[in-house]
Structure formats: structure tokens, C-alpha cells
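To be precise, the following lines are target.txt, and they hold compact mmCIF, C-alpha atoms and all ligand atoms.
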```txt
# COMPACT_ATOMS: atom_id res chain seq x y z
CA MET A 1 22.51 272.54 173.49
CA ALA A 2 22.12 276.32 173.14
CA SER A 3 19.40 277.51 170.78
CA LEU A 4 20.17 277.76 167.08
CA SER A 5 19.22 281.43 166.93
CA LEU A 6 21.57 282.34 169.82
CA VAL A 7 24.58 280.57 168.31
CA LEU A 8 23.88 281.95 164.83
CA THR A 9 23.47 285.47 166.25
CA LEU A 10 26.80 285.24 168.09
CA GLY A 11 28.43 283.89 164.92
CA LEU A 12 27.00 286.86 163.05
CA VAL A 13 28.29 289.31 165.69
CA ALA A 14 31.78 287.79 165.37
CA ALA A 15 31.52 288.02 161.58
CA LEU A 16 30.45 291.67 161.74
CA ALA A 17 33.41 292.41 164.03
CA ASN A 18 35.70 291.22 161.22
CA LEU A 19 33.99 293.64 158.88
CA ALA A 20 34.20 296.44 161.47
CA GLY A 21 37.96 295.78 161.76
CA GLY A 22 38.27 296.33 158.01
CA LEU A 23 36.25 299.53 158.19
CA LEU A 24 38.42 300.80 161.08
CA LEU A 25 41.31 300.93 158.64
CA LEU A 26 39.67 303.87 156.98
CA ARG A 27 39.97 305.87 160.21
CA ARG A 28 43.23 307.41 161.30
CA GLY A 29 44.90 306.97 164.67
CA VAL A 30 43.33 303.65 165.67
CA GLN A 31 46.66 301.74 165.70
CA ARG A 32 47.40 302.63 169.34
CA TYR A 33 44.07 301.30 170.56
CA LEU A 34 44.38 298.27 168.31
CA HIS A 35 47.52 297.12 170.13
CA ALA A 36 45.85 297.56 173.49
CA PHE A 37 42.99 295.45 172.13
CA ILE A 38 45.35 292.78 170.81
CA ALA A 39 47.17 292.63 174.18
CA PHE A 40 43.99 292.12 176.20
CA GLY A 41 42.54 289.75 173.58
CA ALA A 42 45.71 287.62 173.52
CA GLY A 43 45.55 287.18 177.30
CA PHE A 44 41.86 286.33 177.27
CA LEU A 45 42.13 283.88 174.36
CA ILE A 46 45.15 282.00 175.72
CA ALA A 47 43.41 281.68 179.09
CA VAL A 48 40.22 280.32 177.46
CA ALA A 49 42.26 277.87 175.40
CA ILE A 50 44.36 276.52 178.28
CA ALA A 51 41.91 276.70 181.18
CA ASP A 52 38.68 275.69 179.42
CA MET A 53 39.06 274.43 175.85
CA LEU A 54 41.87 271.96 176.61
CA PRO A 55 40.19 270.25 179.61
CA GLU A 56 36.85 270.00 177.76
CA SER A 57 38.66 268.64 174.68
CA PHE A 58 40.16 265.81 176.76
CA GLN A 59 36.71 265.14 178.20
CA GLN A 60 35.01 264.99 174.80
CA ALA A 61 37.68 263.44 172.58
CA GLY A 62 39.55 261.34 175.15
CA ALA A 63 42.74 259.72 173.90
CA ALA A 64 42.34 261.37 170.47
CA ALA A 65 42.46 264.88 171.98
CA PRO A 66 46.26 265.46 171.94
CA LEU A 67 46.60 264.61 168.24
CA LEU A 68 43.56 266.71 167.30
CA ILE A 69 44.92 269.70 169.27
CA LEU A 70 48.28 269.28 167.58
CA ALA A 71 46.56 269.01 164.18
CA GLY A 72 44.82 272.35 164.79
CA PHE A 73 48.06 273.96 165.95
CA CYS A 74 50.11 272.69 162.98
CA GLY A 75 47.28 273.19 160.49
CA VAL A 76 47.03 276.90 161.16
CA HIS A 77 50.83 277.14 161.10
CA ILE A 78 50.84 275.63 157.60
CA LEU A 79 47.98 277.85 156.39
CA GLU A 80 49.23 281.14 157.85
CA HIS A 81 53.01 280.81 157.77
CA THR A 82 54.17 277.96 155.53
CA LEU A 83 52.02 278.34 152.42
CA ILE A 84 52.10 282.12 152.89
CA PRO A 85 55.54 283.75 152.96
CA HIS A 86 54.64 286.90 154.93
CA PHE A 87 52.01 287.23 157.62
CA HIS A 88 51.69 289.02 160.91
CA PHE A 89 48.91 290.75 162.80
CA GLY A 90 48.63 294.54 162.88
CA GLU A 91 49.14 297.08 160.14
CA GLU A 92 50.90 295.80 157.02
CA THR A 93 53.74 298.16 156.18
CA HIS A 94 55.95 295.84 154.08
CA ALA A 95 54.46 296.60 150.68
CA HIS A 96 57.49 295.00 148.95
CA GLU A 97 56.31 291.60 150.28
CA PHE A 98 53.18 291.94 148.16
CA LEU A 99 54.64 292.78 144.76
CA HIS A 100 53.44 289.41 143.49
CA ALA A 101 49.76 289.86 142.69
CA GLY A 102 48.57 286.62 144.30
CA ALA A 103 50.30 287.14 147.67
CA ALA A 104 47.55 289.27 149.22
CA TYR A 105 44.86 286.86 148.03
CA SER A 106 46.60 283.74 149.31
CA LEU A 107 47.05 285.49 152.66
CA THR A 108 43.34 286.31 152.73
CA PHE A 109 42.42 282.68 152.09
CA GLY A 110 44.89 281.46 154.71
CA LEU A 111 43.37 283.81 157.26
CA ALA A 112 39.85 282.82 156.15
CA ALA A 113 40.74 279.18 156.96
CA HIS A 114 41.76 280.33 160.46
CA THR A 115 38.50 282.28 160.92
CA PHE A 116 36.53 279.19 159.80
CA PHE A 117 37.89 277.57 162.98
CA ASP A 118 36.90 280.63 165.03
CA GLY A 119 33.34 279.74 164.01
CA ILE A 120 33.90 276.02 164.67
CA ALA A 121 35.21 276.95 168.14
CA ILE A 122 32.15 279.02 169.07
CA ALA A 123 29.58 276.43 167.93
CA SER A 124 31.56 273.49 169.39
CA GLY A 125 31.79 275.26 172.75
CA PHE A 126 28.03 275.79 172.84
CA ALA A 127 27.50 272.15 171.85
CA PHE A 128 28.92 271.10 175.24
CA SER A 129 28.10 273.96 177.62
CA GLY A 130 26.68 277.46 177.56
CA ASN A 131 29.50 278.77 179.78
CA LEU A 132 32.18 277.36 177.52
CA GLY A 133 30.40 278.73 174.45
CA TRP A 134 30.21 282.26 175.87
CA LEU A 135 33.87 282.25 176.95
CA ILE A 136 35.03 281.05 173.53
CA PHE A 137 32.79 283.62 171.88
CA ALA A 138 34.41 286.39 173.97
CA GLY A 139 37.91 285.09 173.19
CA VAL A 140 37.12 285.00 169.48
CA LEU A 141 35.34 288.36 169.43
CA LEU A 142 38.28 290.14 171.08
CA HIS A 143 40.62 289.34 168.19
CA LYS A 144 38.06 289.87 165.41
CA LEU A 145 38.66 293.62 165.01
CA PRO A 146 42.45 293.21 164.67
CA GLU A 147 41.85 290.31 162.25
CA GLY A 148 39.68 292.40 159.92
CA PHE A 149 42.08 295.32 160.24
CA THR A 150 45.05 293.08 159.39
CA VAL A 151 43.60 291.57 156.23
CA GLY A 152 42.33 294.95 155.05
CA SER A 153 45.72 296.57 155.54
CA VAL A 154 47.39 293.75 153.57
CA MET A 155 45.05 294.53 150.68
CA LEU A 156 45.93 298.24 150.84
CA ALA A 157 49.67 297.48 151.12
CA SER A 158 49.41 295.31 148.00
CA GLY A 159 47.93 298.23 146.10
CA ARG A 160 44.28 297.12 146.12
CA GLY A 161 41.52 299.64 146.73
CA ARG A 162 39.44 300.29 149.84
CA SER A 163 36.49 298.22 148.66
CA LEU A 164 38.67 295.12 148.28
CA ALA A 165 40.19 295.81 151.71
CA VAL A 166 36.74 295.89 153.32
CA GLY A 167 35.64 292.94 151.16
CA ALA A 168 38.54 290.81 152.42
CA ALA A 169 37.52 291.62 156.01
CA ALA A 170 33.94 290.67 155.17
CA LEU A 171 35.15 287.36 153.71
CA LEU A 172 36.75 286.51 157.07
CA GLY A 173 33.35 287.13 158.64
CA VAL A 174 31.56 284.89 156.14
CA SER A 175 34.10 282.13 156.81
CA THR A 176 33.53 282.48 160.58
CA LEU A 177 29.80 282.12 160.10
CA ALA A 178 30.35 279.09 157.85
CA GLY A 179 32.26 277.39 160.71
CA VAL A 180 29.31 277.99 163.06
CA VAL A 181 26.82 276.60 160.53
CA VAL A 182 28.88 273.44 159.86
CA ILE A 183 28.81 272.45 163.55
CA ARG A 184 25.10 273.25 163.87
CA VAL A 185 24.28 271.10 160.82
CA LEU A 186 26.62 268.25 161.90
CA PRO A 187 26.76 268.52 165.73
CA ALA A 188 28.66 265.22 166.07
CA LEU A 189 31.68 267.02 164.58
CA ALA A 190 31.91 269.18 167.73
CA HIS A 191 33.87 266.33 169.39
CA TYR A 192 36.62 266.92 166.83
CA GLY A 193 35.92 270.61 166.29
CA LEU A 194 36.61 271.60 169.89
CA PRO A 195 40.10 270.06 170.20
CA ILE A 196 41.14 271.17 166.71
CA SER A 197 39.97 274.72 167.33
CA ALA A 198 41.66 274.65 170.77
CA GLY A 199 44.94 274.03 168.92
CA VAL A 200 44.10 276.87 166.51
CA ALA A 201 43.26 279.23 169.40
CA LEU A 202 46.53 278.38 171.18
CA TYR A 203 48.49 279.07 168.01
CA VAL A 204 46.70 282.33 167.24
CA ALA A 205 47.02 283.66 170.80
CA ALA A 206 50.62 282.59 171.42
CA THR A 207 52.27 283.06 168.03
CA ASP A 208 50.13 285.63 166.17
CA LEU A 209 48.78 287.97 168.84
CA LEU A 210 51.33 287.86 171.67
CA PRO A 211 54.44 288.59 169.54
CA GLU A 212 52.60 291.59 168.08
CA VAL A 213 52.06 292.84 171.64
CA ASN A 214 55.64 292.14 172.69
CA ARG A 215 57.03 294.22 169.83
CA GLU A 216 55.36 297.29 171.33
CA HIS A 217 57.14 299.35 173.95
CA GLY A 218 55.30 300.18 177.14
CA LEU A 219 54.44 298.39 180.34
CA GLN A 220 50.73 298.92 179.70
CA TYR A 221 50.75 296.26 176.96
CA ARG A 222 52.35 293.65 179.26
CA LEU A 223 49.79 294.45 181.94
CA LEU A 224 46.87 294.39 179.51
CA PHE A 225 47.86 290.86 178.46
CA LEU A 226 47.85 289.74 182.10
CA LEU A 227 44.58 291.59 182.67
CA GLY A 228 43.05 289.59 179.81
CA VAL A 229 44.12 286.34 181.53
CA ALA A 230 42.81 287.56 184.91
CA VAL A 231 39.43 288.74 183.56
CA MET A 232 38.87 285.42 181.79
CA LEU A 233 39.70 283.45 184.95
CA LEU A 234 37.36 285.67 186.96
CA CYS A 235 34.59 285.04 184.42
CA THR A 236 34.86 281.27 184.92
CA ARG A 237 34.43 281.73 188.66
CA LEU A 238 31.28 283.80 188.46
CA PRO A 239 28.22 282.02 189.85
ZN ZN A 301 54.43 292.93 157.01
ZN ZN A 302 40.54 284.43 164.53
```
Mind turning this structure into C-alpha cells?
Amino acid sequence: MASLSLVLTLGLVAALANLAGGLLLLRRGVQRYLHAFIAFGAGFLIAVAIADMLPESFQQAGAAAPLLILAGFCGVHILEHTLIPHFHFGEETHAHEFLHAGAAYSLTFGLAAHTFFDGIAIASGFAFSGNLGWLIFAGVLLHKLPEGFTVGSVMLASGRGRSLAVGAAALLGVSTLAGVVVIRVLPALAHYGLPISAGVALYVAATDLLPEVNREHGLQYRLLFLLGVAVMLLCTRLP
């Protein structure tokens, strides 16, 4: 198993990337780069989920793997899109969806539940192999900036101030770190954590990130998605 300090440090880096995403909101003109980032990150994450997390999940959880993967997939669907009426990645421009005071907060908690499994994914990956851990870390890290940006922009759209916007992004980071700590304290849970977070990763990449990319015009976004897949596959073949 990878050292505690390494896994905690990587969890912290992922958490800080959430915060950085929230801070990016305060800068103008980042939207264009954000979509390029989401496109590449979606490709990388879906490739990690399908090519590495799924096979390892079947290895570690055996016959229970399919149901655990499905539980992760459906769980994040319930948290992000069933309990919450309006959620999508990228800048929030539909302020009318957030007239009800609690809507922005429930969205933040739904997204924090998703980021908890980002942390579970990283620590579970490292519980089984260093390579898997690093690949999952990269897949998670690549969508951390957009995640922080998204939750921050929801706060602003709902009429909250900048400090709450950055605070919501920070909360996603704390939740990520909590997921890492849970697996390090109870390593036996990694057998369930990996397949569940594989389902979460599949859902996030295919239904949250990719549609956001596909809404954008421009061939470069299609190619960046495929580049993300290709780079991830190349990484797994490095000696
Ligand atoms: Zn919206
Ligand atoms: Zn995430």
C-alpha cells in the first residue's frame, strides 16, 4: 500500500484544486479554457474508469462488482439530479432556478457527496496498486477545477457573495479529503469503495462532463476529449 503521507498529500492537492476552481471564478475570461479542460478531463476520466477501475473492481469485489458499480452510478444520479432540480457543470447562468434560498445549498451538498467519492476513488486505487492510484488521481484532478468553478458560480447565480462562492468550493475539497481519510482509516472498505467510485466516475464523465463539452461548438473540443482518452491509455502503457 502507498504511504499515508503520499495519499494524504494527493488528496490535499485534489482538495486545493476544488478551491482553486472557486477562486478562478473571480477572474474574467477563463470560461473558454475551462471547456477545453472539461473536454480533456472527460476523456481521461472515462478512460480510467473503463480501462482500469472496472477491471480492478471485478478483481477485488468479484460477483458483487456489477451491483456496486451500478449503486455508485445511480447514487450520484439521485444526489446530483433527482434530489436537486437543476445541476450542470460549467458556469451557472440560470439564476431563476435558484430563487428558492435552499436550492444552491442543496446543490452544494449533492456535489460534496460526489466529491467524497472522488476521495474514496483515489485512496481505494492506491490501496490496490500505485499505478491505479496515480491514474485515478489524475482523472479526479482534471475535473476538480471545473467542479469548484461550477459550485462557486451556482452560489453567485443564487445571489450569494464571493466568500460563500469560494467557501462552497472549499467544502468540496474538504469532502474529497474526507473520502481519502475514510479509506485510509478503514482500508477494508476499498473493496467496496473502488467499484462504487468507478460507477460514480463513469456517471460524472459520461453524463456531467461530456454533455457540457458537446454543447460547445468547435472541433477542438471533440478532439480534446479523444486526446484525453489517448493520453490516459498511453500512460497505462508506460514502463
Ligand atoms: Zn443552469
Ligand atoms: Zn468530482
Q: Please identify all polymer residues within 6 Å of stretch 105-119 of chain A, counting all atoms listed in the file, omitting same-chain residues fewer than 6 positions from it, and present them as a list in words.
A: Leu79, Glu80, Leu172, Ser175, Thr176, Leu177, Gly179, Val180 and Ser197 of chain A
Q.
Neighbouring residues of stretch 91-97 of chain A were defined as those with any atom within 8 Å, considering all atoms listed in the file; residues of the same chain fewer than 3 positions away were excluded. Please report them as a PyMOL selection string.
A. chain A and resi 31+86+88+100+103+149-150+153-154+157-158
Q: Have a look at A:Leu54, A:Leu145, A:Leu209, A:Ala168 and name the one nearest to A:Tyr221; count all atoms listed in the file.
A: A:Leu209
Put a box with edges along x, y and z around all the listed atoms of stretch 171-189 of chain A, pad it by 3 Å on each side, then give me its centre and sizes in Å, one decimal, as AutoDock Vina command-line options.
```
--center_x 30.5 --center_y 276.3 --center_z 159.9 --size_x 18.5 --size_y 28.1 --size_z 18.4
```
Q | Residue contacts of A:Met155 (7 Å, only C-alpha atoms) excluding same-chain residues fewer than 3 positions away, as a PyMOL selection string | A | chain A and resi 104+151-152+158-160+164-165
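Across A:Ile84, A:Leu226, A:Leu219, A:Val213, the tightest approach to ligand ZN 301 (chain A) is made by A:Ile84 when counting all atoms listed in the file.
When all atoms listed in the file are used to compute distances to A:Val48, the closest of the residues A:Leu156, A:Leu186, A:Val174, A:Ala138 turns out to be A:Ala138.
Restricting the calculation to only C-alpha atoms, the smallest distance between A:Ser163 and any of A:Leu4, A:Ala123, A:Leu99, A:Leu23 is found for A:Leu23.
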Using all atoms listed in the file, which residues sit within 9 Å of A:Val13 once same-chain residues fewer than 4 positions away are excluded, as a PDB file with C-alpha atoms, keeping the file's coordinate frame?
```pdb
ATOM      1  CA  LEU A   8      23.880 281.950 164.830  1.00  0.00           C
ATOM      2  CA  THR A   9      23.470 285.470 166.250  1.00  0.00           C
ATOM      3  CA  ALA A  17      33.410 292.410 164.030  1.00  0.00           C
ATOM      4  CA  ASN A  18      35.700 291.220 161.220  1.00  0.00           C
ATOM      5  CA  LEU A 141      35.340 288.360 169.430  1.00  0.00           C
ATOM      6  CA  GLY A 173      33.350 287.130 158.640  1.00  0.00           C
TER       7      GLY A 173
END
```
Q) Could you pull the residues within 9 Å of A:Ser57, counting all atoms listed in the file, minus those fewer than 6 positions along the same chain, as a PyMOL selection string? A) chain A and resi 65-66+69+191-192+194-196+198
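Of the residues under consideration (A:Gly21, A:Gly125, A:Gly72, A:Pro85), A:Gly72 shows the shortest atom-to-atom contact distance to A:Leu202 when counting only C-alpha atoms.
Distance annotation: of A:Ala39, A:Val166, A:Val204, A:Val229, the residue with the minimal separation from ligand ZN 302 (chain A) is A:Val204; atom set is only C-alpha atoms and all ligand atoms.
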Q) Quick one, how far is atom CA of A:Gly41 from atom CA of A:His143? A) 5.7 Å
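Interatomic distance, atom CA of A:Ser129 to atom CA of A:Gly62: 17.2 Å.
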